[in-house]
Every structure is written in structure tokens, then in C-alpha cells.
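Below is one structure, written out as C-alpha cells; comments come after it.
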Amino acid sequence: MAKTKTSFFCQNCGTQYAKWVGKCTACNEWNTIVEEVIQKEEKRSWKQTSPTKRVSKALKINEIAINEEDRIDTKNNELNRVLGGGLVKGSMTLLGGEPGIGKSTLLLQVALSIHRKVLYVSGEESQSQIKMRAERLNDQNTDCLILTETKTQNIFKTIEEVDPDVVVIDSIQTLHTESIDASPGSISQIRETTAELIKFAKETSTPVVLIGHITKEGTIAGPKILEHMVDVVLQFEGDRNHTYRILRAQKNRFGSTAELGIYEMQSVGLREVENPSEILISEKDESLSGTAIAATLEGMRPLMIEVQALVSTAVYGTPQRSATGYNIKRLNMILAVLEKRAGFRLGAKDVFLNIAGGISVDDPAIDLAVVASILSSNEDDAIAQDTCFAAEVGLAGEIRPVNRIDQRILEAEKLGFSTIIVSKFNKIAKSNYKIKVVLVSKIEEVYQQLF
Ligand code: TYD
Ligand code: MG
């Protein structure tokens, strides 16, 4: 039997090494050298069920038939929406999220409610632990099979025996394959086991859903390549101290990534939140001055962020300016613009700015919310809770357009806002939004609009 051949590659520049080194001599990056398989053992894990000699035939694009039944209804409306209408047969979906956010709960719940034969493979919990969790959830699907296994070869053996309609893997970081030696969770194991599962999914048209842990930085642990390999990347997020959870698609080969699903974690599992505005209404019962909500984008993800400002008369000679989560230089610039271009006397005032939730924002679209929160605190007049902002502020006091405005408007609409204030110069593709889109070009207009 041929032995697996591996080699070491720099993940940054791709230089190949015969053995592991700490620093890449080509690009001088540290800790980027990773072992990778370059030739696998003869024994394949997922047996060739279809003849390898089958050659695909090129078809004219208008001759290709689309079969609508290629999607499996997950019986979970929020998940269906994020997926673009259900699980596509033969697709590979990755569900990422922080530990304890509810990934296992969500997928177990789906496994129990979907009326299909589901194989739920867990490498993290024992069968009885999963059974206990299932007892808490109300749905019962007698066709849900639980397997505790981490070796892909054994998983495939079970798959051949039971022939499931859907396979769930909890989690990809616990799997390992015989064909390489690296430990579970290492980059080469993740890559290899995912490749085996993708091969299985494509050859049998069985959808596979993987759970993936995410690192502290918020990316799915393992190489970026994992995100390239799978068809759909879902992110499950939320604050562990709050009960709301948001499911969004970071990548979706079969649907839009602008959709999001909202859940509430209850003692009996995750409840689908059909009317998202309830989150905003239930969390605050009175409007406070000095807060404004910005529709920002975090990478590919839209995010509504609350900006809080406090403007008060300076006690000491030199007024204090401080910003948490926002660039202090940019705050000073905005204050200068407000002073010079819009005539607000803020020179003798202390200004404190805080981005709620301890996040730091680079997106310039937050500028208008910063302006609004400062004005609101200065006037001591609250901004309506269902109003949000998305625009950049220029040195001349002009309200400038921001990118992907439709995605921001859509997110605000989805989250239950009734008004969004954006730049007049933004080209908005769609005109029939349910949310009221207010167009402004100068700070004075924003002021008139709000107070
Ligand atoms: P879990 O699905 O184990 O998270 P993950 O797989 O993402 O690590 O969910 C963990 C949390 O969910 C746990 O802290 C308890 C809570 N939970 C509930 O509040 N209600 C429930 O019905 C269940 C099953 C879990
Ligand atoms: Mg889990």
C-alpha cells in the first residue's frame, strides 16, 4: 500500500518545504508553514459508487433543466430563507459560530423536525447527551439517527448502511481521516475530511451540513480554503448574554447573502422570530437622547450598530474628547465640521462617544449616526428608535454616499426600522421598500429632519 505523501507549504506565499520550519524563508512570515497531503493512499474513504470513466457532457445553457425539487424543506422558515429556499441536494453547508451560541441545538432541532432520514454525527457529545438535549426540544422525528464517531471511514460505513437523506456533522474540527496522520482539527485534516465529505455529497446528492467552530477573531477555524470548498457558509451569532441569535449567509451559491434569520433561545430550544422589530421594541422601552443607530457593513455582513454620545459643558478649561470603538481623529473632524459648517457651538463642550457592544467600526457609513447622536445629546432630544442612518460625512458638511446601500436598507427593513436616512447622492436600485428612505445632502437637513 502506497504511503501518503505529504509536504509542507507556506499558507502565505505557497513555498514548499521538505520539513516544518517556524518561519518562511521566502516571505518571512512566521507560523504559516502547514503540512499538506500531496498524494493520498490508494484506499479511498468514500467508495467510488459511480464509474470514474463517466464523462460529463457539455450542454447548452438553455437546454439545462432546473429541477425545483432539488431543495429539501428544512421545516424551519428562518433557515429556509437564509439558505434561499431549503437545503440543496448534494450541497455542502458550513455553519459557524462561537461555542455555546446554539449551533448543535439548531441543527438537532432541524434534524428532529425535517421529515427525512437524518444522520446526525457528533464527535463532541455522547448519544445520551444528545438524547437529553432532544428531550428538551419538542419536535420528534423517529427517523433521526444519532452516531457518535469521528473517523470519516467509519462514518461512511454507517452512511452506506443507513442511506440517509441528510447528513449533519458536529463538528468538522473533531473529524479525522485515516489517509493522513495529522491530528483532528489541524488544517490538513479539516481540508481532507471536508474534501471526502464533499465528494460523498456530490456523488450521492445528499446534502451535508457541517458545524465549524470559529476563532476569537470571528473567522471559521481552519484555513480560508474551507470557505472556498463549501457551497454555503452560514454564521450563527449573537450575544451570549442575550437570548437573540442571528443566522446569516456569508456565502451562498444557491441564494442571496442578504437574508437573515432571527431566533430566540428558549428553554425548549430555538424559537423562530418572525417579526424582528420585536427585538428592538422589547429591549428598550423609552427613547434616550444621544443614541443613534447606524446601518453598517462588517466585511460582507450588514450590522446595525448603536452609537452613543454624551455632550456636556466642559468643567476644565480644555474640553475633553474621547471615543471608544471609533477613530478619535475622525470624531475631532466631525466636531470641527459641525462647528464650522453647521454652526453648532461644541467648542466648549466635552464630547464622549461610544460604540455599543464594544465593537470597533471602520465603515465610514457610521459617520451620520455619530453626527446624529452628538446632535441628539446636545439638544437633549431623543431620536425615534426606529430610525437609522447610513452615510459618510465630508469636510464640507456634505452627506456622502456609501457602498452597497440597498443591502443596508434591506437589513434595516428586515430588522423592523421604519426610517433610514441616507445620502441624496446614493443610487438606490430598488424603489419599493417598505421602510421610508429619507434622502439628505447637508447636515442642516438632517437636523431639520430629526428635531
Ligand atoms: P449548543 O447548541 O450546545 O451550542 P454550540 O453547539 O453552538 O456550542 O447550545 C448551548 C447553549 O444553549 C447552552 O448554553 C444552553 C442553551 N440552550 C437553551 O437555552 N435551551 C435549550 O433548549 C437548549 C438545547 C440549549
Ligand atoms: Mg455544539
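Quick note on naming: the chains in the C-alpha cells go A, B, ... in the order shown, residues restart at 1 in each chain, and ligands are numbered from 1 in order of appearance.
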
inquiry  = Could you pull out the alpha helix (DSSP H) residues of region 63-153 of chain A, going by DSSP on the backbone, and write them as a PyMOL selection string?
reply    = chain A and resi 77-83+103-113+127-136+152-153

task = Output the neighbourhood of ligand 2 as a count of residues only, that is, all protein and nucleic acid residues with some atom at most 9 Å from the ligand, counting only C-alpha atoms and all ligand atoms.
result = 14

message = Just want the 10 Å neighbourhood of Arg341 (chain A), counted on only C-alpha atoms, with same-chain residues fewer than 3 positions away dropped. Output as number ranges by chain.
response = A: 335-338, 344, 395-398, 442-444

query = Which residues sit within 12 Å of ligand 1, counting only C-alpha atoms and all ligand atoms, listed as an MDAnalysis selection string?
reply = chainID A and resid 95:110 122:125 129:139 169:171 210:214 235:245 247 263:271

message = Using only C-alpha atoms for the distances, tell me which of A:Thr158, A:Thr148, A:Asn252, A:Ser7 is nearest to Ser91 (chain A).
response =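 So, comparing all the options, the nearest one is A:Asn252.
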
Polymer residues at most 12 Å from Lys23 (chain A), only C-alpha atoms, same-chain spacing of 4 or more positions, as JSON, numbers by chain = {"A": [8, 9, 10, 11, 12, 13, 15, 17, 19, 27, 28, 29, 30, 31, 32, 33, 34]}

query = What lies within 7 Å of Pro302 (chain A) using only C-alpha atoms, ignoring chain neighbours under 5 positions off, as a list in words?
reply =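 Answer for this query is Ala295, Thr296, Leu297, Arg408 and Glu411 of chain A.
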
Can you tell me which residues surround Cys388 (chain A) at a distance of at most 8 Å, considering only C-alpha atoms, apart from same-chain residues fewer than 2 positions away, and format the answer as a PDB file with N, CA and C atoms, in the first residue's frame?
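Output file selection15.pdb follows:
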```pdb
ATOM      1  N   ALA A 292     -28.017  56.838  18.481  1.00  0.00           N
ATOM      2  CA  ALA A 292     -28.450  56.754  17.089  1.00  0.00           C
ATOM      3  C   ALA A 292     -27.972  55.427  16.550  1.00  0.00           C
ATOM      4  N   ILE A 293     -28.726  54.865  15.623  1.00  0.00           N
ATOM      5  CA  ILE A 293     -28.359  53.545  15.108  1.00  0.00           C
ATOM      6  C   ILE A 293     -27.852  53.647  13.682  1.00  0.00           C
ATOM      7  N   ALA A 294     -26.702  53.018  13.445  1.00  0.00           N
ATOM      8  CA  ALA A 294     -26.087  53.072  12.119  1.00  0.00           C
ATOM      9  C   ALA A 294     -26.247  51.734  11.425  1.00  0.00           C
ATOM     10  N   ALA A 295     -26.526  51.801  10.127  1.00  0.00           N
ATOM     11  CA  ALA A 295     -26.584  50.575   9.328  1.00  0.00           C
ATOM     12  C   ALA A 295     -25.226  50.399   8.679  1.00  0.00           C
ATOM     13  N   ALA A 369     -24.583  58.557  11.832  1.00  0.00           N
ATOM     14  CA  ALA A 369     -25.134  58.199  13.132  1.00  0.00           C
ATOM     15  C   ALA A 369     -24.350  58.885  14.242  1.00  0.00           C
ATOM     16  N   GLN A 385     -36.641  55.610  17.948  1.00  0.00           N
ATOM     17  CA  GLN A 385     -35.898  54.350  17.991  1.00  0.00           C
ATOM     18  C   GLN A 385     -35.910  53.583  16.681  1.00  0.00           C
ATOM     19  N   ASP A 386     -36.912  53.863  15.856  1.00  0.00           N
ATOM     20  CA  ASP A 386     -36.999  53.093  14.621  1.00  0.00           C
ATOM     21  C   ASP A 386     -36.389  53.832  13.427  1.00  0.00           C
ATOM     22  N   ALA A 390     -27.221  55.778   7.460  1.00  0.00           N
ATOM     23  CA  ALA A 390     -26.130  55.170   6.709  1.00  0.00           C
ATOM     24  C   ALA A 390     -25.599  56.162   5.705  1.00  0.00           C
ATOM     25  N   ALA A 412     -32.060  47.069   7.389  1.00  0.00           N
ATOM     26  CA  ALA A 412     -32.824  47.921   8.296  1.00  0.00           C
ATOM     27  C   ALA A 412     -34.306  47.559   8.217  1.00  0.00           C
ATOM     28  N   PHE A 417     -36.923  48.557  11.242  1.00  0.00           N
ATOM     29  CA  PHE A 417     -36.837  50.013  11.295  1.00  0.00           C
ATOM     30  C   PHE A 417     -37.870  50.607  10.347  1.00  0.00           C
ATOM     31  N   THR A 419     -37.614  54.075   9.337  1.00  0.00           N
ATOM     32  CA  THR A 419     -36.996  55.152   8.556  1.00  0.00           C
ATOM     33  C   THR A 419     -35.487  54.939   8.496  1.00  0.00           C
ATOM     34  N   ILE A 420     -34.917  55.181   7.331  1.00  0.00           N
ATOM     35  CA  ILE A 420     -33.452  55.183   7.222  1.00  0.00           C
ATOM     36  C   ILE A 420     -33.049  56.466   6.523  1.00  0.00           C
ATOM     37  N   ILE A 421     -32.040  57.143   7.076  1.00  0.00           N
ATOM     38  CA  ILE A 421     -31.592  58.400   6.496  1.00  0.00           C
ATOM     39  C   ILE A 421     -30.291  58.144   5.749  1.00  0.00           C
TER      40      ILE A 421
END
```

task = State, in Å with one decimal place, the distance from CA of Val370 (chain A) to CA of Val307 (chain A).
result =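 Atom-to-atom, CA of Val370 (chain A) to CA of Val307 (chain A), that is 6.3 Å.
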
message = What's around region 75-78 of chain A at 7 Å? Count only C-alpha atoms, leave out sequence neighbours fewer than 4 positions away in its own chain, and write the answer as a list in words.
response = Val82, Val110, Ser113, Ile114, Gly261, Ile262 and Glu272 of chain A

Please write the residues from the selection above to a file, keeping C-alpha atoms, as a PDB file, in the first residue's frame.
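To be explicit, this is the file written out as selection09.pdb:
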```
ATOM      1  CA  VAL A  82     -31.231  32.116   4.704  1.00  0.00           C
ATOM      2  CA  VAL A 110     -33.832  20.770  12.259  1.00  0.00           C
ATOM      3  CA  SER A 113     -38.439  18.469  12.590  1.00  0.00           C
ATOM      4  CA  ILE A 114     -37.447  17.706   8.995  1.00  0.00           C
ATOM      5  CA  GLY A 261     -32.776  34.533  10.148  1.00  0.00           C
ATOM      6  CA  ILE A 262     -33.568  35.508  13.714  1.00  0.00           C
ATOM      7  CA  GLU A 272     -38.103  31.409  15.132  1.00  0.00           C
TER       8      GLU A 272
END
```

key: Nearest to Val88 (chain A) by atom-to-atom distance, counting only C-alpha atoms, from A:Thr177, A:Asn378, A:Ser126, A:Thr206   =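 The shortest atom-to-atom distance to Val88 (chain A) comes from A:Thr206.
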
Length of the CA of Ala391 (chain A) to CA of Arg404 (chain A) vector [Å] =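 These atoms are spaced 11.1 Å apart.
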